[in-house]
Each structure stands twice: as structure tokens, then as C-alpha cells.
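> Before we start, here is the structure in question, set down as C-alpha cells.
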Amino acid sequence: MNLDRNNINADFHSLVFIIIINWNGYNDTNECINSILKISYPNYEILLVDNGSDKNEYEKVISLKSKATLIRSEKNLGFSGGNNLGIKYALDCGADYLLLLNNDTIVEPNFLNPLLKVFEEEINVGIVAPQINYFNEPKKIWSAGGKIS
């Protein structure tokens with residue numbers, strides 16, 4: 001990544017690649033992408049990695065090409081392999097930040113700004129995670145983060 005974090009200011013608009021892995025999950029993936037399209041952060045790319053979905057499912061996923069860059073793996077590389085495929089593509093395209101997002105996720109319109117602000121304020125931080133709430137109980141917290149040493 002080529003971002004000089006010493007020169008970030010509150011108005012920065014670094015390029016964020018949002019990487020989503022799909023495996024036979026068109027409905028969830030479509031809903032996830034539609035929520036991303038409503039975010040307030042202006043400089044992002046949605047990268048959809050289809051991880052070996054069956055032919056009928058993949059034909060539906062192709063319809064998302066107008067909303068996201070689509071990469072297809074002919075075989076299921078697993079979660080980490082699919083993400084690694086997307087990460088390599090994003091870095092080759094000059095991504096400043098990478099966001100790995102599960103395809104069954106719905107995001108709030110302003111979710112990305114506070115995550116990026118952490119990098120602006122904390123020079124020693126290398127990874128951040130948002131609060132995650134249950135889909136069917138949006139006020140109930142599933143995860144509020146953690147600490148990795």
C-alpha cells in the first residue's frame with residue numbers, strides 16, 4: 001500500500017477496496033452490495049470474488065457486474081483463498097485500504113468513515129473492525145471488537 005499515513009487529514013479520501021466472497025449466495029451478495037452502494041464514503045471499489053459457484057448461481061452473479069468488479073475462480077478456494085485472490089487484485093490496482101466483508105452483511109451508510117478515522121488518529125494501528133449487530137435483532141451486539149497483541 002502506498003499511503004503515507006503521516007499526511008492524512010480529516011478530508012482524506014483514500015481508495016478503499018471492499019472485497020466480498022460469493023459462493024452460491026447470490027441473494028445475500030446482492031443485498032450486501034446494494035447496502036454498500038448507499039455508503040457516504042466517496043472513494044471505494046466493490047470487488048466481488050465468485051469462489052467457484054455452480055453454473056446457475058454464477059449466471060445470476062454476472063448480473064452484479066454493473067455494481068462491482070467481478071473476479072471468478074473456477075474452483076472454491078475457501079474463504080482465505082478467495083480473499084487472497086481479491087487482495088492481490090486490489091493491491092495491484094493501487095488500493096490504500098482493504099475491507100474484507102462477508103456477503104451476508106448489511107452495512108450502515110456511514111460505517112466506513114469511523115473505521116478509516118482510526119488510522120488517521122492511531123499511527124500504530126494496522127487493522128480495525130466495526131461493531132457487528134445481529135441481522136434479525138439490529139440493536140443486539142454480536143461483536144464489539146477485540147484486541148490482538
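Note on naming: chains are A, B, ... as they come in the C-alpha cells, residues start from 1 per chain, ligands start from 1 in the order shown.
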Find the residues around Ile39 of chain A up to 12 Å (only C-alpha atoms counted), leave out those fewer than 4 positions away in its own chain, and share them as a ChimeraX atom specification.

/A:18,32-35,43-46,106-113

> Could you dump the residues just selected with N, CA and C atoms as an mmCIF file, in the first residue's frame?


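What ended up in result.cif:
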```cif
data_model
loop_
_atom_site.group_PDB
_atom_site.id
_atom_site.type_symbol
_atom_site.label_atom_id
_atom_site.label_comp_id
_atom_site.auth_asym_id
_atom_site.auth_seq_id
_atom_site.Cartn_x
_atom_site.Cartn_y
_atom_site.Cartn_z
ATOM 1 N N ILE A 18 -13.442 -2.860 -1.227
ATOM 2 C CA ILE A 18 -14.309 -3.683 -0.399
ATOM 3 C C ILE A 18 -14.418 -5.033 -1.095
ATOM 4 N N CYS A 32 -26.066 -7.320 0.106
ATOM 5 C CA CYS A 32 -24.864 -6.709 0.666
ATOM 6 C C CYS A 32 -24.374 -5.574 -0.232
ATOM 7 N N ILE A 33 -24.248 -5.849 -1.511
ATOM 8 C CA ILE A 33 -23.754 -4.835 -2.451
ATOM 9 C C ILE A 33 -24.699 -3.642 -2.500
ATOM 10 N N ASN A 34 -25.995 -3.889 -2.490
ATOM 11 C CA ASN A 34 -26.947 -2.771 -2.509
ATOM 12 C C ASN A 34 -26.798 -1.883 -1.279
ATOM 13 N N SER A 35 -26.458 -2.471 -0.128
ATOM 14 C CA SER A 35 -26.243 -1.642 1.061
ATOM 15 C C SER A 35 -24.952 -0.836 0.934
ATOM 16 N N ASN A 43 -14.803 7.198 -1.995
ATOM 17 C CA ASN A 43 -13.761 6.621 -2.844
ATOM 18 C C ASN A 43 -13.552 5.137 -2.518
ATOM 19 N N TYR A 44 -14.415 4.313 -3.094
ATOM 20 C CA TYR A 44 -14.322 2.881 -2.854
ATOM 21 C C TYR A 44 -14.621 2.126 -4.139
ATOM 22 N N GLU A 45 -14.142 0.902 -4.161
ATOM 23 C CA GLU A 45 -14.436 -0.037 -5.243
ATOM 24 C C GLU A 45 -14.959 -1.312 -4.598
ATOM 25 N N ILE A 46 -16.010 -1.860 -5.159
ATOM 26 C CA ILE A 46 -16.516 -3.149 -4.694
ATOM 27 C C ILE A 46 -15.899 -4.218 -5.585
ATOM 28 N N ILE A 106 -25.020 -6.506 5.939
ATOM 29 C CA ILE A 106 -25.664 -5.264 5.510
ATOM 30 C C ILE A 106 -24.969 -4.151 6.283
ATOM 31 N N VAL A 107 -24.501 -3.120 5.572
ATOM 32 C CA VAL A 107 -23.762 -2.049 6.237
ATOM 33 C C VAL A 107 -24.619 -0.797 6.368
ATOM 34 N N GLU A 108 -24.285 -0.004 7.368
ATOM 35 C CA GLU A 108 -24.910 1.302 7.555
ATOM 36 C C GLU A 108 -24.224 2.302 6.632
ATOM 37 N N PRO A 109 -24.917 3.343 6.200
ATOM 38 C CA PRO A 109 -24.333 4.298 5.247
ATOM 39 C C PRO A 109 -23.043 4.970 5.714
ATOM 40 N N ASN A 110 -22.845 5.154 7.009
ATOM 41 C CA ASN A 110 -21.653 5.858 7.491
ATOM 42 C C ASN A 110 -20.643 4.927 8.164
ATOM 43 N N PHE A 111 -20.711 3.635 7.923
ATOM 44 C CA PHE A 111 -19.879 2.693 8.673
ATOM 45 C C PHE A 111 -18.387 2.829 8.379
ATOM 46 N N LEU A 112 -18.024 3.236 7.185
ATOM 47 C CA LEU A 112 -16.619 3.210 6.786
ATOM 48 C C LEU A 112 -15.828 4.397 7.342
ATOM 49 N N ASN A 113 -16.437 5.545 7.437
ATOM 50 C CA ASN A 113 -15.733 6.745 7.889
ATOM 51 C C ASN A 113 -15.074 6.598 9.260
#
```

> Just list as a PyMOL selection string whatever in segment 4-136 of chain A DSSP marks as alpha helix (DSSP H).

chain A and resi 26-36+55-61+78-92+112-121

> Have a look at A:Glu121, A:Leu37, A:Ser63, A:Leu47 and name the one nearest to Cys93 of chain A; count only C-alpha atoms.

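Closest to Cys93 of chain A, using only C-alpha atoms: A:Leu47.
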
> Return as a ChimeraX atom specification the full set of residues in segment 46-94 of chain A whose backbone-based DSSP assignment is strand (DSSP E).

/A:46-51,69-73

> Work out how far atom CA of His13 of chain A is from atom CA of Leu64 of chain A, in Å to one decimal.

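Interatomic distance, atom CA of Leu64 of chain A to atom CA of His13 of chain A: 24.9 Å.
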
> Give me the residues within 8 Å of Glu74 of chain A as a VMD selection string, counting only C-alpha atoms and dropping any in the same chain fewer than 4 places off.

chain A and resid 51 to 53

> One decimal, Å: what's the distance from atom CA of Phe79 of chain A over to atom CA of Asn22 of chain A, could you say?

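For atom CA of Phe79 of chain A relative to atom CA of Asn22 of chain A, the distance reads 9.3 Å.
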
> Of the candidates A:Leu101, A:Val125, A:Ala90, A:Ile141, which one gets nearest to Thr29 of chain A if we count only C-alpha atoms?

A:Leu101

> Neighbouring residues of Gly82 of chain A were defined as those with any atom within 12 Å, considering only C-alpha atoms; residues of the same chain fewer than 3 positions away were excluded. Please report them as number ranges by chain.

A: 19-23, 47-53, 71-79, 85-89, 100-102

> What is the distance between atom CA of Asn136 of chain A and atom CA of Lys38 of chain A, in Å to one decimal?

20.3 Å
